[in-house]
Each structure stands twice: as C-alpha cells, then as structure tokens.
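Visitor: Got a file for you: protein05.txt, compact mmCIF, C-alpha atoms.
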# COMPACT_ATOMS: atom_id res chain seq x y z
CA MET A 5 7.07 -51.53 16.58
CA ARG A 6 3.62 -53.10 16.67
CA GLY A 7 3.13 -52.38 20.35
CA ALA A 8 4.27 -48.80 19.97
CA ASP A 9 1.89 -48.30 17.07
CA ARG A 10 -1.26 -49.39 18.90
CA PRO A 11 -1.87 -46.15 20.87
CA ILE A 12 -1.51 -44.18 17.68
CA LEU A 13 -4.02 -46.39 15.86
CA SER A 14 -6.46 -46.09 18.76
CA GLU A 15 -6.16 -42.31 18.66
CA VAL A 16 -6.85 -42.31 14.92
CA ARG A 17 -9.94 -44.48 15.36
CA ALA A 18 -11.19 -42.30 18.23
CA ALA A 19 -10.76 -39.21 16.07
CA GLU A 20 -12.66 -40.87 13.24
CA ARG A 21 -15.53 -41.73 15.57
CA SER A 22 -15.71 -38.23 17.03
CA ALA A 23 -15.67 -36.66 13.56
CA GLY A 24 -18.65 -38.74 12.51
CA ASP A 25 -19.98 -37.68 9.15
CA GLU A 26 -18.81 -34.07 9.44
CA PRO A 27 -17.00 -32.87 6.30
CA LEU A 28 -13.27 -32.55 6.89
CA ARG A 29 -11.58 -29.16 6.61
CA ALA A 30 -8.02 -27.87 6.40
CA PRO A 31 -6.40 -27.48 9.86
CA SER A 32 -6.62 -24.11 11.58
CA GLY A 33 -3.95 -21.75 10.32
CA THR A 34 -3.66 -23.42 6.92
CA HIS A 35 -5.46 -22.75 3.67
CA ASP A 36 -5.86 -24.36 0.28
CA ILE A 37 -4.37 -22.54 -2.70
CA LEU A 38 -6.54 -23.43 -5.66
CA PRO A 39 -7.02 -22.17 -9.21
CA PRO A 40 -7.25 -19.34 -10.09
CA GLU A 41 -5.39 -18.03 -7.00
CA SER A 42 -2.62 -20.59 -7.51
CA ALA A 43 -1.80 -18.99 -10.87
CA VAL A 44 -0.88 -15.81 -8.98
CA PHE A 45 1.50 -17.77 -6.74
CA GLU A 46 2.96 -19.47 -9.79
CA GLY A 47 3.58 -16.15 -11.50
CA VAL A 48 5.34 -14.62 -8.48
CA VAL A 49 7.62 -17.63 -8.09
CA ALA A 50 8.46 -17.64 -11.81
CA ARG A 51 9.43 -13.97 -11.73
CA PHE A 52 11.57 -14.46 -8.64
CA ALA A 53 13.27 -17.45 -10.24
CA SER A 54 14.05 -15.38 -13.32
CA ARG A 55 15.64 -12.58 -11.28
CA ALA A 56 17.62 -15.04 -9.16
CA ARG A 57 19.00 -16.86 -12.20
CA LEU A 58 20.20 -13.56 -13.67
CA ALA A 59 22.33 -13.16 -10.53
CA GLY A 60 23.75 -16.69 -10.69
CA TYR A 61 21.53 -18.42 -8.12
CA GLY A 62 20.47 -22.06 -8.50
CA LEU A 63 17.39 -23.64 -6.96
CA ALA A 64 17.86 -25.50 -3.64
CA LEU A 65 15.07 -27.70 -2.29
CA THR A 66 15.60 -28.92 1.27
CA PRO A 67 13.43 -31.37 3.27
CA LEU A 68 10.27 -30.14 4.95
CA PHE A 69 11.48 -31.73 8.18
CA GLU A 70 14.95 -31.86 9.70
CA GLU A 71 16.68 -33.15 12.80
CA LEU A 72 15.59 -30.92 15.68
CA ALA A 73 19.21 -29.85 16.26
CA VAL A 74 19.32 -28.07 12.88
CA PHE A 75 16.99 -25.43 14.30
CA SER A 76 17.79 -25.56 18.02
CA ARG A 77 21.51 -25.08 17.27
CA GLY A 78 21.06 -22.98 14.14
CA VAL A 79 18.15 -20.65 14.90
CA GLY A 80 18.71 -20.56 18.67
CA SER A 81 17.33 -22.73 21.48
CA SER A 82 15.93 -19.69 23.33
CA THR A 83 14.17 -18.08 20.36
CA ASP A 84 10.38 -17.96 20.16
CA VAL A 85 10.63 -19.86 16.87
CA VAL A 86 12.14 -22.87 18.66
CA THR A 87 10.51 -22.64 22.11
CA LYS A 88 6.96 -21.63 21.12
CA GLU A 89 6.30 -21.94 17.41
CA MET A 90 8.13 -24.96 16.00
CA TYR A 91 6.27 -28.19 15.28
CA ASP A 92 8.49 -30.99 16.57
CA PHE A 93 7.84 -34.71 17.01
CA VAL A 94 9.49 -38.06 17.61
CA ASP A 95 9.07 -40.37 14.63
CA LYS A 96 8.58 -44.15 14.66
CA GLY A 97 12.33 -44.66 14.65
CA GLY A 98 12.78 -42.56 17.78
CA ARG A 99 14.31 -39.60 15.95
CA HIS A 100 13.44 -36.11 17.24
CA LEU A 101 12.46 -34.11 14.15
CA ALA A 102 10.93 -30.73 13.42
CA LEU A 103 8.87 -29.31 10.59
CA ARG A 104 10.90 -26.59 8.92
CA PRO A 105 10.09 -23.18 10.52
CA GLU A 106 12.54 -21.38 8.19
CA VAL A 107 14.95 -22.31 5.39
CA THR A 108 18.28 -20.60 6.15
CA ALA A 109 19.34 -23.18 8.73
CA SER A 110 18.34 -25.98 6.33
CA VAL A 111 20.45 -24.46 3.56
CA ALA A 112 23.42 -24.16 5.94
CA ARG A 113 22.95 -27.82 6.96
CA ALA A 114 22.89 -28.79 3.27
CA TYR A 115 26.18 -26.96 2.75
CA VAL A 116 27.78 -28.72 5.72
CA GLN A 117 26.63 -32.07 4.35
CA HIS A 118 27.48 -31.64 0.65
CA ARG A 119 30.22 -28.97 0.61
CA PRO A 120 29.49 -27.36 -2.78
CA THR A 121 32.06 -24.99 -4.26
CA LEU A 122 32.14 -21.53 -2.69
CA PRO A 123 30.74 -18.98 -3.15
CA TRP A 124 27.49 -20.91 -3.19
CA ARG A 125 24.39 -19.03 -4.37
CA VAL A 126 20.97 -20.63 -4.01
CA TRP A 127 17.36 -19.52 -4.10
CA TYR A 128 14.38 -21.40 -2.74
CA TRP A 129 10.66 -21.37 -2.32
CA GLY A 130 8.26 -23.56 -0.40
CA PRO A 131 6.16 -23.96 2.76
CA GLN A 132 7.36 -23.32 6.31
CA PHE A 133 5.52 -24.20 9.53
CA ARG A 134 5.09 -22.26 12.77
CA TYR A 135 2.46 -22.54 15.48
CA GLU A 136 1.27 -18.97 15.93
CA ARG A 137 -2.02 -17.13 16.02
CA PRO A 138 -3.51 -17.13 12.50
CA GLN A 139 -4.28 -13.70 11.07
CA ALA A 140 -4.39 -11.94 7.72
CA GLY A 141 -1.33 -12.92 5.71
CA ARG A 142 0.10 -15.03 8.57
CA TYR A 143 -0.58 -18.76 8.66
CA ARG A 144 0.73 -21.84 10.44
CA GLN A 145 1.75 -23.19 7.08
CA PHE A 146 3.14 -20.25 5.13
CA TRP A 147 5.07 -19.87 1.90
CA GLN A 148 8.39 -18.15 1.43
CA LEU A 149 10.74 -17.13 -1.36
CA GLY A 150 14.34 -16.47 -0.53
CA ALA A 151 18.01 -16.52 -1.44
CA GLU A 152 21.23 -17.40 0.37
CA VAL A 153 24.92 -16.90 -0.45
CA LEU A 154 27.69 -18.68 1.45
CA GLY A 155 31.42 -18.15 1.19
CA THR A 156 32.27 -14.46 1.34
CA GLY A 157 32.02 -11.67 3.89
CA ASP A 158 32.43 -8.87 1.34
CA PRO A 159 30.01 -6.00 2.17
CA ASP A 160 29.35 -5.56 -1.56
CA LEU A 161 27.63 -8.96 -1.42
CA ASP A 162 25.35 -7.60 1.32
CA VAL A 163 24.39 -4.82 -1.09
CA GLU A 164 23.78 -7.27 -3.92
CA VAL A 165 21.56 -9.51 -1.78
CA ILE A 166 19.54 -6.56 -0.46
CA GLU A 167 19.19 -5.24 -4.00
CA LEU A 168 17.74 -8.58 -5.17
CA ALA A 169 15.10 -8.52 -2.41
CA TRP A 170 14.30 -4.82 -2.84
CA THR A 171 14.06 -4.71 -6.64
CA PHE A 172 11.92 -7.84 -6.68
CA CYS A 173 9.44 -6.25 -4.27
CA GLU A 174 9.50 -3.06 -6.35
CA GLY A 175 8.80 -5.09 -9.49
CA GLU A 176 5.80 -6.66 -7.80
CA ARG A 177 4.34 -3.15 -7.44
CA ILE A 178 3.93 -3.32 -3.67
CA PRO A 179 2.83 0.12 -2.45
CA GLY A 180 4.52 1.95 0.40
CA LEU A 181 7.76 -0.05 0.52
CA SER A 182 10.39 0.84 3.10
CA LEU A 183 13.82 -0.69 3.80
CA ALA A 184 15.18 -0.71 7.37
CA LEU A 185 18.89 -1.40 7.85
CA ASN A 186 21.10 -2.09 10.86
CA SER A 187 24.30 -3.80 11.96
CA LEU A 188 24.47 -6.11 15.00
CA GLY A 189 28.25 -6.37 15.16
CA ASP A 190 30.17 -9.63 15.31
CA GLY A 191 31.97 -11.90 17.75
CA ALA A 192 34.51 -9.18 18.48
CA CYS A 193 32.12 -6.44 19.60
CA ARG A 194 28.78 -8.18 20.30
CA PRO A 195 29.72 -9.71 23.70
CA ALA A 196 30.67 -6.35 25.21
CA TYR A 197 27.49 -4.77 23.86
CA ARG A 198 25.42 -7.62 25.30
CA GLU A 199 26.83 -7.00 28.76
CA ARG A 200 26.21 -3.28 28.41
CA LEU A 201 22.59 -3.87 27.41
CA LEU A 202 22.09 -6.33 30.29
CA ALA A 203 23.38 -3.75 32.74
CA PHE A 204 20.86 -1.27 31.33
CA LEU A 205 17.95 -3.73 31.57
CA GLU A 206 18.62 -5.14 35.05
CA PRO A 207 17.13 -2.21 37.05
CA LEU A 208 14.23 -1.94 34.58
CA ALA A 209 13.24 -5.61 34.50
CA ALA A 210 9.97 -5.05 36.40
CA GLN A 211 8.90 -2.49 33.78
CA LEU A 212 9.28 -4.89 30.84
CA CYS A 213 6.40 -6.92 29.41
CA PRO A 214 5.65 -10.11 31.38
CA GLU A 215 7.51 -12.34 28.91
CA HIS A 216 10.75 -10.35 28.98
CA GLN A 217 10.71 -9.81 32.73
CA THR A 218 11.82 -13.43 33.02
CA ARG A 219 13.56 -13.99 29.70
CA TYR A 220 15.54 -10.84 29.00
CA ARG A 221 18.77 -12.46 30.22
CA ASP A 222 18.54 -15.25 27.59
CA ASN A 223 18.97 -12.79 24.74
CA PRO A 224 18.71 -9.14 25.77
CA LEU A 225 18.81 -7.95 22.13
CA ARG A 226 15.37 -9.43 21.61
CA VAL A 227 13.90 -6.91 24.06
CA LEU A 228 14.77 -4.17 21.56
CA ASP A 229 12.61 -5.92 18.97
CA CYS A 230 9.60 -6.33 21.27
CA LYS A 231 6.54 -4.47 19.97
CA ARG A 232 4.73 -4.31 23.32
CA PRO A 233 4.39 -0.77 24.78
CA ALA A 234 5.94 -1.76 28.13
CA CYS A 235 9.21 -2.85 26.52
CA ARG A 236 9.17 0.05 24.08
CA ASP A 237 8.81 2.60 26.87
CA ALA A 238 11.34 0.94 29.21
CA THR A 239 14.02 0.66 26.51
CA ALA A 240 13.55 4.06 24.85
CA ALA A 241 17.02 5.14 26.02
CA ALA A 242 18.68 1.72 25.71
CA PRO A 243 22.10 1.51 24.05
CA THR A 244 21.92 0.17 20.49
CA PRO A 245 24.25 -2.22 18.64
CA LEU A 246 25.42 0.60 16.35
CA GLU A 247 26.94 2.43 19.32
CA ALA A 248 29.18 -0.55 20.13
CA LEU A 249 30.48 -1.57 16.69
CA CYS A 250 34.17 -2.36 16.45
CA PRO A 251 36.20 -0.58 13.71
CA SER A 252 35.92 -3.56 11.33
CA CYS A 253 32.12 -3.78 11.69
CA ARG A 254 31.80 -0.01 11.41
CA THR A 255 33.75 -0.05 8.13
CA HIS A 256 31.67 -2.97 6.84
CA PHE A 257 28.39 -1.21 7.63
CA ALA A 258 29.55 2.06 6.06
CA ARG A 259 30.39 0.21 2.85
CA VAL A 260 26.92 -1.39 2.79
CA GLN A 261 25.26 2.01 3.17
CA GLU A 262 27.43 3.54 0.45
CA GLY A 263 26.68 0.67 -1.92
CA LEU A 264 22.92 0.93 -1.43
CA ALA A 265 23.06 4.71 -1.95
CA SER A 266 25.02 4.24 -5.19
CA LEU A 267 22.20 2.00 -6.47
CA GLY A 268 19.48 4.45 -5.44
CA ILE A 269 18.03 2.09 -2.82
CA PRO A 270 16.57 4.22 0.03
CA ALA A 271 17.69 2.39 3.17
CA VAL A 272 16.77 3.86 6.55
CA VAL A 273 19.24 3.08 9.34
CA THR A 274 17.15 1.64 12.19
CA PRO A 275 19.30 1.06 15.31
CA ARG A 276 16.70 -1.11 17.09
CA LEU A 277 16.29 -3.58 14.22
CA VAL A 278 17.55 -6.95 15.53
CA ARG A 279 15.07 -9.50 14.10
CA GLY A 280 14.13 -12.65 15.99
CA LEU A 281 16.78 -15.25 15.15
CA ASP A 282 20.05 -15.77 17.01
CA TYR A 283 22.25 -16.42 13.98
CA TYR A 284 22.33 -12.83 12.66
CA THR A 285 25.63 -10.93 12.68
CA ARG A 286 26.55 -7.56 11.21
CA THR A 287 24.06 -6.54 8.48
CA THR A 288 20.34 -7.02 9.15
CA PHE A 289 17.52 -5.60 7.07
CA GLU A 290 13.74 -5.67 6.80
CA ILE A 291 11.34 -4.66 4.03
CA THR A 292 7.96 -3.35 5.14
CA ALA A 293 4.81 -2.24 3.30
CA SER A 294 2.40 0.48 4.38
CA ALA A 295 -0.54 -1.57 3.13
CA LEU A 296 -0.05 -4.03 6.02
CA SER A 297 -0.93 -3.41 9.66
CA ALA A 298 1.66 -1.43 11.62
CA SER A 299 2.38 -4.32 14.00
CA GLN A 300 2.77 -6.89 11.21
CA ASP A 301 4.02 -4.80 8.30
CA ALA A 302 7.07 -6.84 7.29
CA VAL A 303 7.05 -8.39 3.82
CA GLY A 304 10.40 -10.01 4.49
CA GLY A 305 13.96 -9.47 5.56
CA GLY A 306 17.26 -11.07 6.30
CA GLY A 307 20.86 -10.44 7.06
CA ARG A 308 24.32 -11.85 7.56
CA TYR A 309 24.88 -15.05 9.56
CA ASP A 310 28.62 -15.63 9.59
CA GLY A 311 28.58 -18.16 12.44
CA LEU A 312 25.68 -20.37 11.34
CA VAL A 313 27.60 -22.97 9.33
CA ALA A 314 30.08 -23.47 12.17
CA ALA A 315 27.21 -23.86 14.66
CA LEU A 316 25.95 -26.78 12.56
CA GLY A 317 29.31 -28.55 12.51
CA GLY A 318 30.88 -27.05 9.41
CA PRO A 319 33.91 -24.81 8.92
CA GLU A 320 33.79 -21.09 9.60
CA THR A 321 31.86 -19.86 6.54
CA PRO A 322 30.31 -16.40 6.13
CA GLY A 323 26.82 -16.17 4.74
CA ILE A 324 23.97 -13.79 4.03
CA GLY A 325 20.41 -14.18 2.76
CA PHE A 326 16.78 -13.17 3.01
CA SER A 327 13.27 -14.54 2.85
CA LEU A 328 10.03 -12.96 1.63
CA GLY A 329 6.61 -14.10 2.81
CA LEU A 330 4.61 -14.97 -0.29
CA ASP A 331 1.25 -14.72 1.49
CA ARG A 332 2.16 -11.34 2.96
CA LEU A 333 3.60 -10.09 -0.32
CA LEU A 334 0.33 -10.82 -2.11
CA LEU A 335 -1.70 -9.25 0.70
CA ALA A 336 0.42 -6.09 0.53
CA ARG A 337 0.11 -6.05 -3.25
CA GLY A 338 -3.65 -6.27 -3.03
CA ASP A 339 -4.16 -9.79 -4.37
CA ASP A 340 -6.72 -10.83 -1.78
CA ALA A 341 -9.20 -11.43 -4.64
CA PRO A 342 -8.24 -14.32 -6.94
CA ALA A 343 -6.80 -13.21 -10.25
CA PRO A 344 -7.86 -14.84 -13.52
CA GLU A 345 -5.83 -17.76 -14.74
CA ALA A 346 -3.85 -17.61 -17.94
CA GLY A 347 -6.41 -17.98 -20.71
CA LEU A 348 -6.78 -21.09 -22.81
CA GLU A 349 -6.09 -20.61 -26.47
CA ALA A 350 -8.60 -23.13 -27.79
CA PHE A 351 -11.18 -25.72 -26.77
CA VAL A 352 -11.68 -28.85 -28.87
CA VAL A 353 -15.31 -29.90 -29.41
CA ASP A 354 -15.40 -33.48 -30.69
CA LEU A 355 -18.67 -34.97 -31.97
CA THR A 356 -17.07 -38.19 -33.25
CA GLY A 357 -16.64 -40.06 -29.97
CA GLY A 358 -13.53 -38.38 -28.56
CA GLY A 359 -10.75 -39.95 -30.60
CA ALA A 360 -10.24 -36.89 -32.79
CA ALA A 361 -10.00 -34.62 -29.73
CA LEU A 362 -7.44 -36.95 -28.15
CA VAL A 363 -5.12 -36.66 -31.17
CA LEU A 364 -5.67 -32.94 -31.84
CA THR A 365 -5.20 -31.77 -28.23
CA SER A 366 -2.00 -33.81 -27.95
CA ARG A 367 -0.65 -32.34 -31.17
CA LEU A 368 -1.49 -28.75 -30.20
CA ARG A 369 -0.06 -29.05 -26.68
CA ARG A 370 3.20 -30.42 -28.07
CA ALA A 371 3.30 -27.33 -30.27
CA GLY A 372 2.90 -25.10 -27.21
CA VAL A 373 -0.80 -24.30 -27.60
CA ALA A 374 -2.92 -24.14 -24.41
CA VAL A 375 -5.93 -26.28 -25.26
CA GLU A 376 -8.65 -28.17 -23.41
CA ARG A 377 -11.41 -30.59 -24.38
CA ALA A 378 -14.59 -32.19 -23.06
CA PHE A 379 -15.04 -35.83 -22.11
CA ASP A 380 -17.93 -38.31 -21.73
CA SER A 381 -19.28 -37.86 -25.31
CA ARG A 382 -21.31 -34.78 -24.41
CA SER A 383 -23.66 -33.04 -26.83
CA LEU A 384 -22.60 -30.13 -29.05
CA ARG A 385 -24.51 -27.68 -26.87
CA ALA A 386 -22.95 -29.01 -23.66
CA GLN A 387 -19.44 -28.93 -25.10
CA LEU A 388 -19.89 -25.36 -26.38
CA ARG A 389 -21.07 -24.29 -22.91
CA MET A 390 -17.91 -25.82 -21.44
CA ALA A 391 -15.82 -24.10 -24.10
CA ASP A 392 -17.36 -20.75 -23.25
CA ARG A 393 -16.79 -21.23 -19.51
CA SER A 394 -13.16 -22.21 -20.12
CA GLY A 395 -12.28 -18.70 -21.28
CA ALA A 396 -10.95 -19.89 -24.63
CA ALA A 397 -11.45 -17.56 -27.59
CA VAL A 398 -11.95 -20.33 -30.15
CA ALA A 399 -13.75 -23.67 -30.25
CA LEU A 400 -12.24 -26.21 -32.64
CA ILE A 401 -15.23 -28.29 -33.77
CA ILE A 402 -14.77 -31.73 -35.32
CA GLY A 403 -17.91 -33.54 -36.43
CA PRO A 404 -18.19 -36.63 -38.64
CA ALA A 405 -18.11 -34.51 -41.83
CA GLU A 406 -15.05 -32.53 -40.72
CA ARG A 407 -13.24 -35.69 -39.67
CA ALA A 408 -13.91 -37.34 -43.03
CA ALA A 409 -12.65 -34.25 -44.88
CA GLY A 410 -9.62 -33.75 -42.60
CA GLU A 411 -10.89 -30.36 -41.52
CA VAL A 412 -11.72 -28.39 -38.37
CA ARG A 413 -14.28 -25.63 -37.84
CA LEU A 414 -12.82 -22.60 -36.02
CA HIS A 415 -15.77 -21.23 -34.06
CA PRO A 416 -15.04 -17.86 -32.33
CA LEU A 417 -16.49 -17.73 -28.82
CA ARG A 418 -16.04 -13.98 -28.32
CA GLY A 419 -17.39 -12.66 -31.61
CA GLY A 420 -16.27 -13.13 -35.20
CA GLU A 421 -17.02 -15.36 -38.17
CA GLU A 422 -16.66 -19.13 -38.22
CA SER A 423 -14.19 -20.61 -40.69
CA VAL A 424 -13.06 -24.04 -41.84
CA VAL A 425 -9.39 -25.01 -42.10
CA ALA A 426 -7.49 -28.18 -42.92
CA ILE A 427 -6.50 -30.00 -39.75
CA GLU A 428 -2.79 -29.62 -40.55
CA GLU A 429 -3.29 -25.83 -40.74
CA VAL A 430 -4.92 -25.38 -37.33
CA GLU A 431 -1.75 -24.15 -35.61
CA GLY A 432 -1.16 -21.53 -38.30
CA ALA A 433 -4.77 -20.38 -38.12
CA LEU A 434 -4.53 -19.96 -34.35
CA ARG A 435 -1.31 -17.95 -34.73
CA ALA A 436 -3.05 -15.72 -37.27
CA LEU A 437 -5.87 -15.08 -34.79
CA ASP A 438 -3.29 -14.31 -32.12
CA GLY A 439 -1.59 -11.79 -34.39
CA ALA A 440 -4.94 -10.17 -35.07
CA GLY A 441 -5.58 -9.80 -31.34
CA GLU A 442 -8.48 -12.25 -31.31
CA ARG A 443 -6.86 -14.87 -29.11
CA PRO A 444 -6.62 -14.39 -25.34
CA ARG A 445 -3.33 -13.17 -23.99
CA ARG A 446 -1.79 -14.30 -20.73
CA THR A 447 -3.03 -12.21 -17.85
CA GLY A 448 -1.09 -9.19 -16.66
CA ASN A 449 0.03 -11.11 -13.57
CA GLU A 450 1.94 -13.55 -15.77
CA GLU A 451 3.54 -10.88 -17.92
CA GLN A 452 4.73 -8.45 -15.23
CA ALA A 453 8.45 -8.47 -14.60
Starting from the file, give its structure as structure tokens.

Guide:
Amino acid sequence: MRGADRPILSEVRAAERSAGDEPLRAPSGTHDILPPESAVFEGVVARFASRARLAGYGLALTPLFEELAVFSRGVGSSTDVVTKEMYDFVDKGGRHLALRPEVTASVARAYVQHRPTLPWRVWYWGPQFRYERPQAGRYRQFWQLGAEVLGTGDPDLDVEVIELAWTFCEGERIPGLSLALNSLGDGACRPAYRERLLAFLEPLAAQLCPEHQTRYRDNPLRVLDCKRPACRDATAAAPTPLEALCPSCRTHFARVQEGLASLGIPAVVTPRLVRGLDYYTRTTFEITASALSASQDAVGGGGRYDGLVAALGGPETPGIGFSLGLDRLLLARGDDAPAPEAGLEAFVVDLTGGGAALVLTSRLRRAGVAVERAFDSRSLRAQLRMADRSGAAVALIIGPAERAAGEVRLHPLRGGEESVVAIEEVEGALRALDGAGERPRRTGNEEQA
C-alpha cells in the first residue's frame, strides 16, 4: 500500500503548507460542544435514557461508518440522503464505506448480523453526518436521540413508540409542539397508489420544481413532501396515500389513531406527510415546534419500516422507530445560551504541598461529593480565587496547622461563618450544609424530568 499512500501524504503536506500558521478551526457545518453547554446535552440524554429504560429499551451503539450498501439498500439509492448528503469514501483496504447519515438502517443491520431475541427494543444517541447547507439547528455533524423496536407489527406498538417520542418532547418543555400523523400503506396497496400518483404527475411535470421535473419518476411520493412552491401548487389536488389504503392498512391506521386519542395525544392526520426515506411503510409521524422556522420546524419523527430488515438480507421482520434532533430540540427549547453546569459541592485549598488535597478529594469523590482542587502549589489567595470561580459553596482549607491536628477549615464562599471540623467529619458537615440549603444544588436542567 505504500504507493497508494503517497498521493494522500502529498495532499496532507500541501494542505499543511497552505494553512501556514493560521489557527485551525472546526470544519464548516460542525461545532464544538464544550462546558457548560455540554452539561445541557448530558442532561437531555440522561432523561431520555431514563424514559427509554422504563419502557424496556436497552442502549445500542452502532459504528459511525458502515458499508455503503447499508444505506443505499436500506435508506434508498434514489433518496437525497444517499445521492446528495451522505459522506462516502473508499478506505485503504478498498472497501466503499459511508459515515452514518442516520441510525435506523444501522440498527436493522445489527439485528441481521446478531439476531437478538424478538421483540428487540433499543434506544440510541450519537452523531450523524450529512452534507447539507449549515443553518440554525442543522449541522453536517448533528446529534440524535432515538428508539427502535423490531419484531411486531401490532398497531398498539406504533402508539407506544409515538407516545415515548411525544411525552419526552413534552417533558423537555418545548413550546408549540404539534404531532402530524399519516399512513403510507404497505406492499399490498402502495404499488397501485404509486402508479396512480405517477399518472397524476406526468402531465404536470413541467410545473414541478427543477429537481422533481427530472426525478419525480424515481419516487413520486417524495414530490408530496417537497416544500418548494412550484411542487406545492402543482400537487395541491394530488391523490394521497390515505385514499389508497387497503382494508388491512386502514384498520391498522384507525387503531393507531384510537390509541393516541385514548392517551390524550393530539395527533393531526396529515395526508401529505411522507418523510424522505424509502423504507417507511404504514405509520409515519413528525413532531414539530412553533419556535423553529416554518420550513425547518421538525424536531424529529419516524414511522414503521416493515421491509427494512429484509432489504438488508434478513428475514421479514416488522419494525418501527423514531429519531429526535438534539441540536434542534435544544434550539426549540430555547437553549441557545449555555446553561450553568452542575455546581461543585466543595473546593479543596491545600497549603501543605498538595498531598492532603490529593487524599481528601479522592475520599470525597468516592463518597459521591463533587469536589475540585488547585494544583501547582498556588498561594492561599490564588486558590481561593479559583474556588470562588468554580461555583463551589465551600472551600475546604488545609494548612500545616490543620494537617497536624487532623482538621479542615470549612470556609463558606457565598456568605456564612467559617468553622473547623475533624477531617473524618467533613462529609457529615457538608451534608449538614446541604440540608440547611447552603450547598449548591444541581441546576434545573439536570433535575427536570
């Protein structure tokens, strides 16, 4: 492989020369998630994990890159995700791979490979990658939460999955939530509807947007989802999937609507909702938020994909799931400004060379106390400044006299009187301060549920 590597090395060296001494930045369409903003992400993921576990879901972590066929066969070779947005590459072993643009196909591939017991319930979170125009809440590396269930086509499961997505968004206090619901039919009724829609579009092709004038035959349903005025106007009277449902799909969809109504979830039947991936069958849904722009107002969505596992080489296995965009969820919730991190409970100030702080911080952390310390043998004044900036309510000061006596000075940083306690009583003293309301609580973002 040496010869094959040389062009790559030359490109790297050329890039280094052109960059010169310019400071390097994150690639366009990506962003760093740093403290304190990362604490907000952490809190959202923890709350989603808690809700998912209550419903019997286990965490699934799939690779960030897969064989290209996982997405070309799973998502659809004619979809925008595959043809325009997916990052794909040939690796040094000659394998054609793709960075993961979504997780559902990866989860289905994992099922085909490992065959866990059905029904299989998993939740996930992590980064996805799509090459698209960066804008508020939409990045080329973006983060998603989601859940998938394989193994049953029961419409009550559709209701349960939608409820998990909806109640989580409600719990995150996202204003102006709305739930759109539709059914796309299945292999029995979809083909006839497709031909009917094609017959409607044929004489109107010149009126569609430039993209769909040439591509509407690949997947005519996608024209219904186009947001451009030309396609909207031309397809205003187009037949919808709901009009062509077979009796089985009609019964399935009615049961989903009844189930959501019984749970008080306000779904709005939206006949043009098709979403942008080829694997959807029967139930599809989308959650939007009024706080986002009208053209990009989706927080997340999902639906049933009963043919996906078979498309990836597995047995016929029904499935349903959803994903929520973490970046968009936080934007809709109003978290564009970083939230404070969870507060430290104490800061150890060591004037004896650092050894006492090493032992005390280890002991307190093992006891579940959030504690920090200074390094580099700084002065008392410098360490107290650091303690104050840390947000801790109490500085635990150990000087030579305190160390010799086996004591610690509890120095309040937010008002109150200093006290001296035996070193073995520090944990109890901190708990007493917590009970008196003098120790910082976790922020509201960590305690919401």

Visitor: Could you check the closest approach to Leu72 in chain A for each of A:Val352, A:Leu122, A:Cys173, A:Ala102 and tell me which residue wins, using all atoms listed in the file?

Guide: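 Closest candidate: A:Ala102.
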
Visitor: Would you list the contacts of Ser327 in chain A as a PyMOL selection string, taking every protein, DNA or RNA residue within 7 Å and counting all atoms listed in the file, but skipping same-chain residues closer than 5 positions in sequence?

Guide: chain A and resi 148-151+304-306

Visitor: Can you work out which one of A:Pro31, A:Gly372, A:Gly357, A:Gly78 has the shortest atom-to-atom distance to Leu384 in chain A, counting all atoms listed in the file?

Guide: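 The answer is A:Gly357, which sits nearest to Leu384 in chain A.
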
Visitor: Could you please determine the separation between CA of Arg407 in chain A and CA of Gly358 in chain A in Å, to one decimal place?

Guide: 11.4 Å

Visitor: Which residues, written as a ChimeraX atom specification, have at least one atom at most 6 Å from Thr288 in chain A, with only C-alpha atoms counted and residues fewer than 2 positions away on the same chain left out?

Guide: /A:185-187,306-307

Visitor: Once 5 Å is added on each side, what are the centre and the three edge lengths, in Å to one decimal, of the axis-aligned box enclosing the listed atoms of range 113-126 of chain A? Present them as JSON.

Guide:
{"center_x": 26.6, "center_y": -25.5, "center_z": 1.3, "size_x": 21.2, "size_y": 23.1, "size_z": 21.3}

Visitor: In Å, how far is it from CA of Glu167 in chain A to CA of Leu333 in chain A?

Guide: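 Calculated distance between CA of Glu167 in chain A and CA of Leu333 in chain A is 16.7 Å.
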
Visitor: Would you kindly place N, CA and C atoms on range 174-189 of chain A and return the model as a CSV table (one decimal), keeping the file's coordinate frame?

Guide:
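Listed below is the output, out-v4.csv:
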chain,number,residue,atom,x,y,z
A,174,GLU,N,9.9,-4.2,-5.5
A,174,GLU,CA,9.5,-3.1,-6.4
A,174,GLU,C,8.8,-3.5,-7.6
A,175,GLY,N,9.4,-4.6,-8.3
A,175,GLY,CA,8.8,-5.1,-9.5
A,175,GLY,C,7.4,-5.7,-9.3
A,176,GLU,N,7.1,-6.1,-8.1
A,176,GLU,CA,5.8,-6.7,-7.8
A,176,GLU,C,4.8,-5.6,-7.5
A,177,ARG,N,5.2,-4.3,-7.6
A,177,ARG,CA,4.3,-3.2,-7.4
A,177,ARG,C,3.7,-3.1,-6.1
A,178,ILE,N,4.4,-3.4,-5.0
A,178,ILE,CA,3.9,-3.3,-3.7
A,178,ILE,C,4.0,-1.9,-3.2
A,179,PRO,N,2.8,-1.3,-2.8
A,179,PRO,CA,2.8,0.1,-2.4
A,179,PRO,C,3.5,0.3,-1.1
A,180,GLY,N,4.0,1.5,-0.9
A,180,GLY,CA,4.5,2.0,0.4
A,180,GLY,C,5.7,1.1,0.9
A,181,LEU,N,6.6,0.7,0.1
A,181,LEU,CA,7.8,0.0,0.5
A,181,LEU,C,8.7,0.8,1.3
A,182,SER,N,9.4,0.2,2.3
A,182,SER,CA,10.4,0.8,3.1
A,182,SER,C,11.4,-0.2,3.5
A,183,LEU,N,12.7,0.2,3.5
A,183,LEU,CA,13.8,-0.7,3.8
A,183,LEU,C,14.5,-0.2,5.1
A,184,ALA,N,14.5,-1.0,6.1
A,184,ALA,CA,15.2,-0.7,7.4
A,184,ALA,C,16.5,-1.5,7.4
A,185,LEU,N,17.5,-0.8,7.9
A,185,LEU,CA,18.9,-1.4,7.8
A,185,LEU,C,19.6,-1.2,9.2
A,186,ASN,N,20.4,-2.2,9.6
A,186,ASN,CA,21.1,-2.1,10.9
A,186,ASN,C,22.3,-3.0,10.8
A,187,SER,N,23.2,-2.9,11.8
A,187,SER,CA,24.3,-3.8,12.0
A,187,SER,C,24.3,-4.2,13.4
A,188,LEU,N,24.5,-5.5,13.6
A,188,LEU,CA,24.5,-6.1,15.0
A,188,LEU,C,25.9,-6.4,15.5
A,189,GLY,N,26.9,-6.1,14.7
A,189,GLY,CA,28.2,-6.4,15.2
A,189,GLY,C,28.6,-7.8,15.0
